[in-house]
Structure formats: structure tokens, C-alpha cells
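For reference, entry28.cif (mmCIF, C-alpha atoms):
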```cif
data_model
#
loop_
_atom_site.label_atom_id
_atom_site.label_comp_id
_atom_site.auth_asym_id
_atom_site.auth_seq_id
_atom_site.Cartn_x
_atom_site.Cartn_y
_atom_site.Cartn_z
CA MET A 1 0.00 0.00 0.00
CA ALA A 2 1.33 3.46 -0.90
CA VAL A 3 0.39 6.67 0.91
CA SER A 4 0.24 9.92 -1.05
CA ILE A 5 2.35 12.84 0.16
CA ILE A 6 0.64 16.21 -0.26
CA GLY A 7 3.25 18.43 1.37
CA VAL A 8 6.85 18.57 2.58
CA GLU A 9 7.77 20.96 5.39
CA GLU A 10 10.40 23.58 4.62
CA GLY A 11 13.79 22.71 6.11
CA SER A 12 12.68 19.23 7.21
CA PRO A 13 14.78 16.06 6.77
CA ALA A 14 12.44 14.97 3.97
CA GLN A 15 12.78 18.31 2.16
CA ARG A 16 16.59 18.14 2.37
CA THR A 17 16.55 14.81 0.51
CA GLY A 18 14.48 16.24 -2.34
CA MET A 19 11.15 14.61 -1.51
CA ARG A 20 8.20 16.54 -2.87
CA PRO A 21 4.40 16.61 -3.01
CA GLY A 22 3.03 13.91 -5.29
CA ASP A 23 5.51 11.28 -4.12
CA ARG A 24 3.96 8.13 -2.67
CA LEU A 25 5.50 6.59 0.44
CA ILE A 26 5.62 2.79 0.33
CA SER A 27 7.92 1.64 3.12
CA VAL A 28 10.36 2.76 5.82
CA ASN A 29 13.35 0.49 6.55
CA GLY A 30 11.50 -2.33 4.82
CA HIS A 31 8.26 -1.88 6.80
CA THR A 32 5.13 -1.19 4.78
CA ILE A 33 3.41 2.05 5.82
CA THR A 34 -0.37 1.77 6.02
CA ASP A 35 -1.32 4.49 8.50
CA VAL A 36 -0.10 7.06 10.99
CA LEU A 37 0.85 4.46 13.61
CA ASP A 38 3.23 2.71 11.20
CA TYR A 39 4.61 6.08 10.10
CA GLN A 40 5.24 7.39 13.62
CA PHE A 41 6.69 4.13 14.88
CA TYR A 42 9.05 3.35 12.01
CA THR A 43 10.35 6.90 11.46
CA LEU A 44 11.73 7.32 14.98
CA GLU A 45 15.20 6.09 14.05
CA GLN A 46 18.06 8.35 12.93
CA LYS A 47 18.81 6.47 9.71
CA LEU A 48 15.90 5.75 7.40
CA ARG A 49 15.66 4.01 4.05
CA LEU A 50 12.48 5.21 2.36
CA LYS A 51 10.96 3.48 -0.61
CA ILE A 52 8.81 5.87 -2.64
CA GLU A 53 7.00 5.95 -5.96
CA ARG A 54 7.44 8.97 -8.19
CA GLY A 55 5.95 9.20 -11.66
CA GLY A 56 5.37 5.47 -11.81
CA ARG A 57 8.98 4.64 -10.90
CA MET A 58 10.31 3.25 -7.62
CA ARG A 59 13.05 5.16 -5.80
CA THR A 60 15.03 4.59 -2.62
CA ILE A 61 15.87 7.63 -0.48
CA LEU A 62 18.26 7.64 2.45
CA VAL A 63 17.47 10.04 5.30
CA ARG A 64 19.60 11.02 8.30
CA LYS A 65 17.92 12.93 11.10
CA GLU A 66 17.85 13.35 14.85
CA GLU A 67 16.17 10.60 16.83
CA TYR A 68 12.46 11.43 17.27
CA GLU A 69 12.80 14.35 14.83
CA ASP A 70 9.76 14.55 12.57
CA LEU A 71 10.43 13.54 8.99
CA GLY A 72 8.38 16.48 7.72
CA LEU A 73 5.90 14.78 5.40
CA GLN A 74 2.26 15.82 5.16
CA PHE A 75 -0.56 13.52 4.12
CA GLU A 76 -4.14 13.86 2.93
CA THR A 77 -5.58 12.86 6.32
CA TYR A 78 -4.07 12.81 9.78
CA LEU A 79 -4.53 9.04 10.02
CA MET A 80 -3.11 8.54 6.49
CA ASP A 81 -6.18 6.34 6.08
CA GLN A 82 -9.96 6.52 6.39
CA GLN A 83 -11.34 6.85 9.90
CA ARG A 84 -13.09 3.66 10.99
CA SER A 85 -16.72 3.92 11.98
CA CYS A 86 -18.50 1.85 14.61
CA ARG A 87 -20.07 -1.45 13.58
CA ASN A 88 -22.22 -1.84 16.68
CA ARG A 89 -25.87 -1.12 17.35
CA CYS A 90 -25.65 -0.44 21.06
CA VAL A 91 -28.95 -0.16 22.90
CA PHE A 92 -27.60 2.95 24.64
CA CYS A 93 -25.94 4.66 21.66
CA PHE A 94 -26.28 8.43 22.08
CA ILE A 95 -25.80 9.16 18.38
CA ASP A 96 -28.87 7.07 17.54
CA GLN A 97 -30.82 9.47 19.77
CA LEU A 98 -29.85 12.64 17.95
CA PRO A 99 -32.52 14.56 16.03
CA LYS A 100 -32.08 15.36 12.36
CA GLY A 101 -30.58 18.63 11.16
CA MET A 102 -27.48 18.83 13.34
CA ARG A 103 -23.86 19.12 12.13
CA GLU A 104 -22.96 16.16 9.93
CA SER A 105 -19.86 15.39 11.99
CA LEU A 106 -22.02 14.69 15.05
CA TYR A 107 -23.57 11.64 13.40
CA PHE A 108 -20.25 9.86 12.78
CA LYS A 109 -19.76 6.89 15.11
CA ASP A 110 -16.06 6.61 15.81
CA ASP A 111 -14.53 3.27 16.83
CA ASP A 112 -10.91 3.59 15.68
CA ALA A 113 -8.13 2.03 17.75
CA ARG A 114 -5.60 4.50 16.37
CA LEU A 115 -7.56 7.42 17.79
CA SER A 116 -7.60 5.70 21.17
CA PHE A 117 -3.83 6.01 21.31
CA LEU A 118 -3.53 9.40 19.62
CA PHE A 119 -6.42 11.26 21.28
CA GLY A 120 -7.68 9.06 24.10
CA ASN A 121 -10.88 7.94 22.34
CA TYR A 122 -12.62 4.83 23.67
CA ILE A 123 -13.00 1.77 21.43
CA THR A 124 -15.13 -1.38 21.71
CA LEU A 125 -12.59 -3.82 20.15
CA THR A 126 -15.24 -5.04 17.70
CA ASN A 127 -13.67 -3.11 14.83
CA ILE A 128 -10.19 -4.65 14.79
CA GLN A 129 -8.65 -8.03 14.09
CA GLU A 130 -6.22 -10.06 16.17
CA GLU A 131 -3.43 -8.99 13.81
CA GLU A 132 -3.94 -5.37 14.87
CA ILE A 133 -3.95 -6.35 18.55
CA ARG A 134 -0.53 -7.90 17.95
CA ARG A 135 0.62 -4.71 16.22
CA ILE A 136 -0.48 -2.65 19.24
CA ILE A 137 1.55 -4.94 21.50
CA GLN A 138 4.57 -4.87 19.18
CA MET A 139 4.55 -1.07 18.98
CA ARG A 140 3.89 -0.71 22.72
CA ILE A 141 0.88 1.50 22.04
CA SER A 142 -0.26 2.27 25.55
CA PRO A 143 -2.62 3.03 27.14
CA VAL A 144 -5.59 1.76 25.15
CA ASN A 145 -9.02 3.01 26.25
CA VAL A 146 -11.74 0.38 25.97
CA SER A 147 -15.52 0.65 26.18
CA VAL A 148 -16.14 -2.70 27.90
CA HIS A 149 -19.67 -2.17 29.26
CA THR A 150 -19.85 -5.76 30.51
CA THR A 151 -17.55 -8.78 30.71
CA ASN A 152 -20.48 -11.17 30.22
CA PRO A 153 -20.04 -12.25 26.56
CA ALA A 154 -23.72 -12.98 25.91
CA LEU A 155 -24.86 -9.76 27.54
CA ARG A 156 -22.26 -7.77 25.61
CA VAL A 157 -23.63 -9.18 22.34
CA LYS A 158 -27.15 -8.20 23.40
CA MET A 159 -26.22 -4.69 24.54
CA MET A 160 -23.97 -3.87 21.58
CA GLY A 161 -25.94 -5.53 18.80
CA ASN A 162 -22.81 -7.19 17.40
CA ARG A 163 -22.40 -10.96 17.33
CA PHE A 164 -18.63 -10.61 17.77
CA ALA A 165 -18.89 -8.34 20.82
CA GLY A 166 -18.50 -11.21 23.27
CA GLU A 167 -15.66 -13.13 21.70
CA VAL A 168 -13.42 -10.05 21.30
CA LEU A 169 -13.31 -9.71 25.08
CA ARG A 170 -10.32 -12.07 24.80
CA TYR A 171 -8.40 -9.13 23.36
CA LEU A 172 -8.40 -7.58 26.83
CA LYS A 173 -6.38 -10.50 28.15
CA MET A 174 -4.08 -10.41 25.13
CA LEU A 175 -3.37 -6.73 25.64
CA ALA A 176 -2.88 -7.19 29.38
CA GLU A 177 -0.47 -10.08 28.89
CA GLY A 178 1.35 -8.01 26.26
CA GLY A 179 2.06 -5.29 28.81
CA ILE A 180 -0.44 -2.75 27.42
CA SER A 181 -2.13 -0.49 29.97
CA LEU A 182 -5.92 -0.32 29.81
CA ASN A 183 -8.44 2.30 30.92
CA CYS A 184 -11.94 0.88 30.80
CA GLN A 185 -15.41 2.35 30.60
CA LEU A 186 -18.76 0.83 31.58
CA VAL A 187 -21.84 2.67 30.29
CA LEU A 188 -24.45 1.38 32.71
CA CYS A 189 -28.09 0.79 31.80
CA PRO A 190 -30.56 -0.07 34.60
CA GLY A 191 -31.69 -3.68 34.33
CA TYR A 192 -28.91 -4.61 31.91
CA ASN A 193 -25.38 -4.32 33.27
CA ASP A 194 -25.83 -2.92 36.77
CA GLY A 195 -26.34 -4.95 39.95
CA GLU A 196 -24.88 -8.46 39.79
CA GLU A 197 -23.66 -7.94 36.24
CA LEU A 198 -21.70 -4.89 37.37
CA ALA A 199 -20.20 -6.91 40.23
CA ARG A 200 -19.12 -9.56 37.71
CA SER A 201 -17.54 -6.99 35.40
CA MET A 202 -15.61 -5.43 38.28
CA ARG A 203 -14.28 -8.81 39.41
CA ASP A 204 -13.22 -9.75 35.88
CA LEU A 205 -11.49 -6.44 35.22
CA ALA A 206 -9.76 -6.42 38.61
CA ALA A 207 -8.29 -9.80 37.66
CA LEU A 208 -6.48 -8.08 34.77
CA ARG A 209 -4.45 -5.86 37.08
CA PRO A 210 -1.91 -4.35 36.85
CA ALA A 211 -2.68 -3.82 33.15
CA VAL A 212 -6.10 -2.36 33.95
CA LYS A 213 -5.30 1.05 35.44
CA SER A 214 -8.79 2.47 35.93
CA VAL A 215 -12.44 1.64 35.31
CA CYS A 216 -15.23 4.20 35.25
CA MET A 217 -18.97 3.76 35.41
CA VAL A 218 -21.06 6.24 33.40
CA PRO A 219 -24.87 6.39 33.47
CA VAL A 220 -26.68 5.95 30.17
CA GLY A 221 -27.81 9.23 28.62
CA LEU A 222 -31.37 9.18 27.27
CA THR A 223 -32.73 11.90 25.01
CA LYS A 224 -36.37 12.40 24.05
CA PHE A 225 -35.58 11.11 20.54
CA ARG A 226 -35.73 7.36 21.25
CA GLU A 227 -38.64 6.36 19.06
CA GLY A 228 -38.05 2.86 17.68
CA LEU A 229 -35.09 2.19 19.98
CA ALA A 230 -34.75 -0.30 22.81
CA PRO A 231 -36.74 0.75 25.90
CA LEU A 232 -34.41 2.02 28.62
CA GLU A 233 -34.98 3.75 31.93
CA PRO A 234 -32.77 6.49 33.36
CA PHE A 235 -31.05 6.10 36.71
CA CYS A 236 -32.97 7.54 39.66
CA GLU A 237 -31.79 8.50 43.13
CA GLU A 238 -32.16 4.94 44.43
CA THR A 239 -30.58 3.07 41.50
CA ALA A 240 -27.74 5.59 41.21
CA GLY A 241 -27.07 5.13 44.92
CA ALA A 242 -26.94 1.35 44.45
CA VAL A 243 -24.22 1.73 41.80
CA ILE A 244 -22.21 4.00 44.10
CA ASP A 245 -22.51 1.56 47.02
CA LEU A 246 -21.37 -1.38 44.90
CA ALA A 247 -18.52 0.47 43.22
CA GLU A 248 -17.23 2.10 46.40
CA ALA A 249 -17.31 -1.15 48.38
CA PHE A 250 -15.44 -3.09 45.70
CA GLY A 251 -13.11 -0.15 45.13
CA GLU A 252 -12.22 -0.14 48.82
CA GLN A 253 -11.37 -3.85 48.60
CA CYS A 254 -9.09 -3.07 45.66
CA ARG A 255 -7.46 -0.20 47.53
CA LYS A 256 -6.58 -2.48 50.43
CA ALA A 257 -5.41 -5.30 48.17
CA PHE A 258 -3.65 -3.40 45.38
CA GLY A 259 -3.09 0.11 46.71
CA THR A 260 -5.51 1.64 44.19
CA ARG A 261 -9.28 2.04 44.19
CA LEU A 262 -9.44 1.16 40.46
CA PHE A 263 -13.24 1.63 40.10
CA TYR A 264 -14.87 5.07 39.97
CA PRO A 265 -18.51 6.11 39.41
CA ALA A 266 -18.90 9.22 37.26
CA ASP A 267 -19.81 12.46 39.03
CA GLU A 268 -23.27 12.22 37.51
CA PHE A 269 -24.07 9.19 39.67
CA TYR A 270 -23.39 11.22 42.83
CA LEU A 271 -25.50 14.09 41.56
CA LYS A 272 -28.38 11.76 40.65
CA ALA A 273 -28.13 10.02 44.03
CA LYS A 274 -28.02 13.43 45.78
CA ARG A 275 -24.82 12.43 47.56
CA PRO A 276 -21.73 14.52 48.29
CA ILE A 277 -18.95 14.38 45.73
CA PRO A 278 -15.96 12.50 47.23
CA PRO A 279 -12.80 14.51 47.99
CA ALA A 280 -10.09 14.88 45.37
CA SER A 281 -7.93 12.25 47.11
CA PHE A 282 -10.61 9.62 46.30
CA TYR A 283 -9.77 9.89 42.60
CA GLU A 284 -6.02 9.32 43.00
CA GLU A 285 -4.49 10.30 39.63
CA PHE A 286 -7.77 11.43 37.99
CA ALA A 287 -7.33 8.89 35.20
CA GLN A 288 -10.92 9.26 33.95
CA LEU A 289 -11.48 13.03 33.94
CA GLU A 290 -12.64 12.99 30.31
CA ASN A 291 -15.47 10.67 31.34
CA GLY A 292 -16.68 13.11 33.98
CA VAL A 293 -15.05 11.20 36.83
CA GLY A 294 -13.67 13.47 39.55
CA MET A 295 -14.17 16.66 37.57
CA LEU A 296 -16.19 18.32 40.31
CA ALA A 297 -13.80 17.21 43.06
CA LEU A 298 -10.85 18.65 41.17
CA LEU A 299 -12.78 21.83 40.37
CA ASP A 300 -13.61 22.20 44.07
CA GLU A 301 -10.00 21.71 45.15
CA GLN A 302 -8.64 24.14 42.56
CA PHE A 303 -11.28 26.76 43.34
CA HIS A 304 -10.62 26.71 47.07
CA GLU A 305 -6.85 26.80 46.60
CA ALA A 306 -7.23 29.85 44.37
CA LEU A 307 -9.64 31.40 46.86
CA LYS A 308 -7.12 30.88 49.65
CA ASP A 309 -4.34 32.55 47.64
CA ALA A 310 -6.41 35.57 46.57
CA ARG A 311 -5.82 38.88 48.34
CA GLY A 312 -7.46 42.31 48.41
CA GLU A 313 -10.88 43.62 47.42
CA LEU A 314 -12.69 44.22 44.18
CA THR A 315 -12.27 47.90 43.31
CA LYS A 316 -15.81 48.07 41.95
CA SER A 317 -18.95 45.98 42.14
CA ARG A 318 -19.33 43.15 39.64
CA THR A 319 -22.61 41.51 38.60
CA ILE A 320 -22.52 38.48 36.32
CA THR A 321 -24.45 35.34 35.38
CA ILE A 322 -23.18 31.76 35.18
CA VAL A 323 -25.13 29.21 33.16
CA THR A 324 -24.64 25.46 33.51
CA GLY A 325 -26.58 22.20 33.38
CA LYS A 326 -29.13 21.25 36.01
CA ALA A 327 -26.95 18.48 37.41
CA ALA A 328 -24.00 20.65 38.42
CA ALA A 329 -25.86 23.89 39.20
CA PRO A 330 -26.15 23.34 43.00
CA PHE A 331 -22.45 22.45 43.18
CA ILE A 332 -21.40 25.53 41.21
CA THR A 333 -23.67 27.66 43.37
CA SER A 334 -21.94 26.40 46.52
CA LEU A 335 -18.56 27.50 45.12
CA ILE A 336 -19.85 30.92 44.11
CA ASP A 337 -21.38 31.41 47.55
CA GLU A 338 -17.89 30.99 49.03
CA ALA A 339 -16.58 33.75 46.79
CA GLY A 340 -19.57 35.93 47.68
CA LYS A 341 -18.68 35.71 51.36
CA ARG A 342 -15.22 37.04 50.53
CA TRP A 343 -16.21 39.86 48.16
CA HIS A 344 -19.48 41.50 49.15
CA ASN A 345 -19.61 43.64 46.00
CA LEU A 346 -19.58 40.47 43.85
CA LYS A 347 -23.07 39.51 42.69
CA VAL A 348 -23.38 36.24 40.76
CA GLN A 349 -26.50 34.38 39.75
CA VAL A 350 -26.17 30.73 38.69
CA ILE A 351 -28.86 29.64 36.24
CA ALA A 352 -29.51 25.96 35.57
CA ILE A 353 -30.53 25.47 31.93
CA GLU A 354 -33.34 23.00 31.35
CA ASN A 355 -32.42 20.82 28.39
CA GLU A 356 -35.50 21.30 26.24
CA PHE A 357 -33.58 20.32 23.10
CA PHE A 358 -32.64 16.77 24.18
CA GLY A 359 -35.19 16.35 26.94
CA PRO A 360 -35.28 16.52 30.75
CA ASN A 361 -33.20 13.37 31.30
CA ILE A 362 -30.13 15.15 29.92
CA THR A 363 -28.81 17.37 32.69
CA VAL A 364 -25.06 17.72 32.02
CA SER A 365 -23.60 21.00 30.80
CA GLY A 366 -21.78 19.51 27.80
CA LEU A 367 -25.09 18.79 26.06
CA ILE A 368 -26.69 22.21 26.49
CA THR A 369 -27.59 23.94 23.23
CA GLY A 370 -27.34 27.58 22.29
CA GLN A 371 -31.05 27.87 21.54
CA ASP A 372 -31.99 26.67 25.04
CA ILE A 373 -29.65 29.26 26.58
CA LYS A 374 -31.07 32.02 24.38
CA LYS A 375 -34.65 31.10 25.16
CA GLN A 376 -34.21 30.70 28.92
CA LEU A 377 -32.11 33.82 29.41
CA ALA A 378 -34.27 36.06 27.23
CA GLY A 379 -35.55 39.09 29.10
CA ARG A 380 -33.56 38.35 32.25
CA SER A 381 -31.19 40.76 33.95
CA LEU A 382 -27.79 39.18 33.31
CA GLY A 383 -25.36 41.78 34.57
CA GLU A 384 -22.21 42.70 32.69
CA GLU A 385 -21.16 39.24 31.51
CA VAL A 386 -22.33 35.64 31.10
CA LEU A 387 -19.95 32.78 31.88
CA LEU A 388 -20.53 29.25 30.64
CA PRO A 389 -18.54 25.98 30.59
CA SER A 390 -16.34 25.69 27.50
CA ASN A 391 -17.50 22.08 27.01
CA MET A 392 -20.81 23.46 25.70
CA LEU A 393 -18.91 24.44 22.56
CA ARG A 394 -17.10 22.35 19.98
CA ARG A 395 -13.30 22.12 20.17
CA GLU A 396 -12.84 25.29 18.12
CA GLY A 397 -14.84 27.19 20.75
CA ASP A 398 -17.28 28.79 18.32
CA LEU A 399 -20.40 26.61 17.96
CA PHE A 400 -22.90 24.89 20.23
CA LEU A 401 -24.31 21.47 19.33
CA ASP A 402 -27.26 23.04 17.50
CA ASN A 403 -25.00 25.25 15.32
CA VAL A 404 -25.81 28.41 17.27
CA SER A 405 -22.58 30.41 17.34
CA LEU A 406 -21.06 32.10 20.37
CA SER A 407 -21.30 35.48 18.62
CA GLU A 408 -24.97 34.85 17.81
CA LEU A 409 -25.66 34.11 21.47
CA GLU A 410 -23.83 37.29 22.54
CA GLU A 411 -25.87 39.36 20.12
CA ALA A 412 -29.14 37.83 21.35
CA LEU A 413 -28.30 38.39 25.03
CA GLY A 414 -26.70 41.80 24.60
CA VAL A 415 -23.75 41.02 26.90
CA PRO A 416 -20.36 39.34 26.41
CA VAL A 417 -20.44 35.55 26.78
CA THR A 418 -17.22 33.98 28.02
CA PRO A 419 -16.44 30.23 27.90
CA VAL A 420 -14.53 29.00 30.95
CA ASP A 421 -12.46 25.82 31.05
CA ASN A 422 -13.13 23.19 33.70
CA ASP A 423 -10.50 24.53 36.08
CA GLY A 424 -11.32 25.94 39.50
CA ALA A 425 -8.67 28.66 39.38
CA GLU A 426 -9.84 29.75 35.93
CA LEU A 427 -13.43 29.83 37.17
CA LEU A 428 -12.54 32.14 40.06
CA HIS A 429 -10.41 34.24 37.73
CA ALA A 430 -13.35 34.65 35.33
CA VAL A 431 -15.82 35.35 38.14
CA LEU A 432 -13.59 38.15 39.39
CA GLY A 433 -13.38 39.65 35.92
CA GLY A 434 -9.79 38.66 35.26
CA ALA A 435 -8.47 40.33 38.41
CA TRP A 436 -6.03 38.40 40.58
CA PHE A 437 -5.37 39.48 44.15
CA VAL A 438 -2.17 37.67 45.10
#
```

Encoding of this model in C-alpha cells:
Amino acid sequence: MAVSIIGVEEGSPAQRTGMRPGDRLISVNGHTITDVLDYQFYTLEQKLRLKIERGGRMRTILVRKEEYEDLGLQFETYLMDQQRSCRNRCVFCFIDQLPKGMRESLYFKDDDARLSFLFGNYITLTNIQEEEIRRIIQMRISPVNVSVHTTNPALRVKMMGNRFAGEVLRYLKMLAEGGISLNCQLVLCPGYNDGEELARSMRDLAALRPAVKSVCMVPVGLTKFREGLAPLEPFCEETAGAVIDLAEAFGEQCRKAFGTRLFYPADEFYLKAKRPIPPASFYEEFAQLENGVGMLALLDEQFHEALKDARGELTKSRTITIVTGKAAAPFITSLIDEAGKRWHNLKVQVIAIENEFFGPNITVSGLITGQDIKKQLAGRSLGEEVLLPSNMLRREGDLFLDNVSLSELEEALGVPVTPVDNDGAELLHAVLGGAWFV
């Protein structure tokens, strides 16, 4: 397989050898290049023998460079290959619950092992062959993030709608025995993989230590657009509490036996169960932050550390609004109340946005749309600025899920709207209007 080169960086090792756009890369030191993992792995060495095709003729190019120095070639896609889409029909799939008319990219179901290594994406292992598992082990691609959901093969087939979903669980053992670290995710659905099935999954995954570094439990997200899909119920206060009790008890056993808790319920379970968020120390190295595990504990710790370090008074009164999802609103309010006790001329209202777009079962901030914010803030006194979590916007920081732009929202509200990263110090900094008192 040959990979087309579309650009060569100025001054790069590849440019110094005369390589140019239009060349096709075939192999590096005798290893066929099929994608970005091959390319990154085999171009680490200082001396490279590249086999390329130019104008229908084969050429061999010798390259000398610094170890780990980038070769300087640019390709049509980052992966140097097509991104692999998911082959499953999971009963809990969030993408299947999206309404029509949203950005096209939101409907793509990713399940690409290469993106697990490069960007931390979670994969189900149903989209790769044993040969690729061996490649991961050979290249020491670690960690790999796996959406396990259950270790019961038959139940995994049922939940994921893929007849191979059960048998590929053996890949977990292969990866573990090959020395690959694993972070695992369990999307829990009441009546499916909670209760005794959750206990089984935890036992099975704990048996793969030390390869398994962390396991998180995330509650299924259910929108109002589930017509024709498998009937599922959301977690309630009682069932969320049962998950917490099971996970914390087993996690404590792991802590005593292995020195690590290993199993962590997502923050959303604590909010649904109306229980206090554990302290930051509970989450050890915060291995599952991207899954919403320990985010609030870390935010709390950072906010209070920043509050402790702050000095002085606000030189003028400041009135602002913070918008967030219903789940986290009471927690955010408690932090802001602490700041209000310190600065009496600081006036902050925290508004919980009802998710009318996706439905009342969706309460997290990352799934709030611009149109819901516009509608629910219309006509309200907002002060001089509106703050909102940056995870409401796409990575570029400009659009909400419903294609409403940040500038459009600002125009509709008539005040500046500022996205704030999930960092407690940054939150306090933004609340104080960018003023630090240290």
C-alpha cells in the first residue's frame, strides 16, 4: 500500500533529501506504511531508508535525522487512512438518539483504535482483528481506552448488537499479557449491566491488574428522541445510589489489596443520588477526567486553593451570570457562595438550563444547546457578563451542538459571553473579571 504525500515541510529532513508533493510513500526500513501508527513508529530512528513511488517509478531515499525528529511529510488525512466507523448497534448509543438537522460530523460513530492512542478515544474492540492487537503490542501503544460495558459475553452481544462483541473480550487478556495499559469504561443501563452484572464486570477487570489502570462507570444518557429504539430507563436517586454503594465497596477492597481504588462512578451518579462528591484524594491520579469522573472534586479543590491565595478587594462591584446544566448547578452555586462571602460587592446568579432540546433526562452541561440558553435567558437581567462551561462548545470554541454560534448568542443576550475551562482557578479568575489578588 502506498500513501500519497501532499506536502513537505520547509527545512525538514524529507525536504533536504528532495522529496516533494506527489511522491507516494511505500515503506520505511523495509516496513510497509499503512497508516499514521506505522509512520510514527518506524520513522523514529536516525537512519531511514524510504521506498517511494514517483511518476510510476520506484526510488530509494536515504534520510539522516535526529532521533524522534519529525520527517516532515504531510498527508491527505491525519490518520493517512480513512477513519473507521462503529459497527455496533448499542442499545444505549447516544448518536442514535440525535434529532435530524445537526452538524454532519455529530452523526459519525467513531470506533478507531488508532484514535484511542492518539487522542484518548474509547474503542469497543469489535472493529479490529487479532493482527492489529498484535501490532499494538509490538509497537507498545499504551494506554488503550476500551468501552467494555460488561464482561459477560452474551450480555455484551445483546447490549452492543454485534455478534462478535462477546468473543473479542479475549483481546483484553491479550493486551494485558502483552504489557499494554488499559483504561476501561462501563456505560451502565438499569436492568442490563448494573447490579450483579456490574459486580461480575468489576471482578473480571480487577483480575487483569496491573494492566487495567482504571475503570469508570457512566450512566446511560437518554434523550427524548428514542422512538423505535430499545426501551431504557434512566437512573434515579435509588438506582444511582446502588451503583455508588457497589462500586465504592469493591473499590475499597481493591485499595486495600492493590493500593488503588481502580473503580470510579462518574460524578453524575453522585448528583443523581443526591450524595456529596468525594474529595479529590478519592480519585487518586484522575485517570478518567474525560469521562466526567472526579471533575467536580478537582474543580472544588482548585477553586478553594485559588480562593485561599487571593488577596485584596474588588475595586468596583461586579454583577454576572453563570449558566450550567441542572446536574451541576447546585455544586457551582456552593462554590460561588464561598466567593460571595469574601467579596461583598460580587453579585453572581447561577442559572440551571433546562435541556428542552434533548429532553429533561439530559442534565449535564456539555449537552446544552445555544437555543436553550437564548430562550431561557431572554428578558432576564444578566449583569455585565455571562460565563458558561467551554464544554458546551465544539473544540474550536465557536459553535454549540445546535449550530448556534457564540457570537450569535452574545448578540441575542446583549452582553459578552465567556467560555470557561473546567478549572477551579480559571473559574474564580473569570468570576472576578480577570483580576487576581495575590

Checklist entry - Which residues come within 12 Å of Leu401 in chain A, counting all atoms listed in the file, excluding same-chain residues fewer than 5 positions away, as a PyMOL selection string? => result chain A and resi 98-99+101-107+357-358+365-373+391-395+406

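Relative to CA of Cys216 in chain A, CA of Asn291 in chain A is found at 7.6 Å.
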
Next on the checklist: Need to verify the contact set: Asp423 in chain A, 9 Å, all atoms listed in the file, exclusion of same-chain residues closer than 3 positions in sequence. Can you return it as number ranges by chain?
Outcome noted: A: 295, 298-300, 302-303, 420, 426-428

Checklist entry - How many Å separate CA of Ser334 in chain A from CA of Ile320 in chain A? => result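 Taking CA of Ser334 in chain A and CA of Ile320 in chain A, their separation equals 15.8 Å.
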
Item to check | Residues within 10 Å of (-15.0, 36.5, 38.7), file coords, all atoms listed in the file, listed as number ranges by chain | outcome: A: 314, 318-320, 336, 339, 346-348, 385, 387, 426-436

Checklist entry - If the PyMOL selection byres ((chain A and resi 126) around 8) is run on the structure shown, which residues does it catch, given as a PyMOL selection string? => result chain A and resi 87-88+124-125+127-128+162+164-165+168

Item to check | Close residues, Phe225 in chain A itself excluded, 12 Å, only C-alpha atoms, min 3 positions apart in chain, as a ChimeraX atom specification | outcome: /A:93-100,221-222,228-231,356-362

Could you dump the residues just selected with C-alpha atoms as a PDB file, in the coordinates of the input?
```
ATOM      1  CA  CYS A  93     -25.940   4.660  21.660  1.00  0.00           C
ATOM      2  CA  PHE A  94     -26.280   8.430  22.080  1.00  0.00           C
ATOM      3  CA  ILE A  95     -25.800   9.160  18.380  1.00  0.00           C
ATOM      4  CA  ASP A  96     -28.870   7.070  17.540  1.00  0.00           C
ATOM      5  CA  GLN A  97     -30.820   9.470  19.770  1.00  0.00           C
ATOM      6  CA  LEU A  98     -29.850  12.640  17.950  1.00  0.00           C
ATOM      7  CA  PRO A  99     -32.520  14.560  16.030  1.00  0.00           C
ATOM      8  CA  LYS A 100     -32.080  15.360  12.360  1.00  0.00           C
ATOM      9  CA  GLY A 221     -27.810   9.230  28.620  1.00  0.00           C
ATOM     10  CA  LEU A 222     -31.370   9.180  27.270  1.00  0.00           C
ATOM     11  CA  GLY A 228     -38.050   2.860  17.680  1.00  0.00           C
ATOM     12  CA  LEU A 229     -35.090   2.190  19.980  1.00  0.00           C
ATOM     13  CA  ALA A 230     -34.750  -0.300  22.810  1.00  0.00           C
ATOM     14  CA  PRO A 231     -36.740   0.750  25.900  1.00  0.00           C
ATOM     15  CA  GLU A 356     -35.500  21.300  26.240  1.00  0.00           C
ATOM     16  CA  PHE A 357     -33.580  20.320  23.100  1.00  0.00           C
ATOM     17  CA  PHE A 358     -32.640  16.770  24.180  1.00  0.00           C
ATOM     18  CA  GLY A 359     -35.190  16.350  26.940  1.00  0.00           C
ATOM     19  CA  PRO A 360     -35.280  16.520  30.750  1.00  0.00           C
ATOM     20  CA  ASN A 361     -33.200  13.370  31.300  1.00  0.00           C
ATOM     21  CA  ILE A 362     -30.130  15.150  29.920  1.00  0.00           C
TER      22      ILE A 362
END
```

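With all atoms listed in the file as the basis for measurement, A:Glu285 is the residue among A:Glu285, A:Glu67, A:Glu268, A:Glu197 that approaches Lys213 in chain A most closely.
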
Item to check | Contacts of Phe286 in chain A within 12 Å, all atoms listed in the file, excl. fewer than 2 positions in-chain, as a ChimeraX atom specification | outcome: /A:183,213-216,260-264,266,279-284,288-299

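Distance-wise, CA of Leu232 in chain A and CA of Asp204 in chain A end up 25.3 Å apart.
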
Checklist entry - Neighbours of range 43-48 of chain A within 9 Å (all atoms listed in the file; same-chain residues fewer than 6 positions away dropped), as number ranges by chain? => result A: 28-29, 61-71

Next on the checklist: Assuming the chain letters and numbering stay as they are in my file, what does the PyMOL selection byres ((chain A and resi 407) around 12) actually select? List them as a VMD selection string.
Outcome noted: chain A and resid 370 374 393 397 to 400 403 to 406 408 to 419
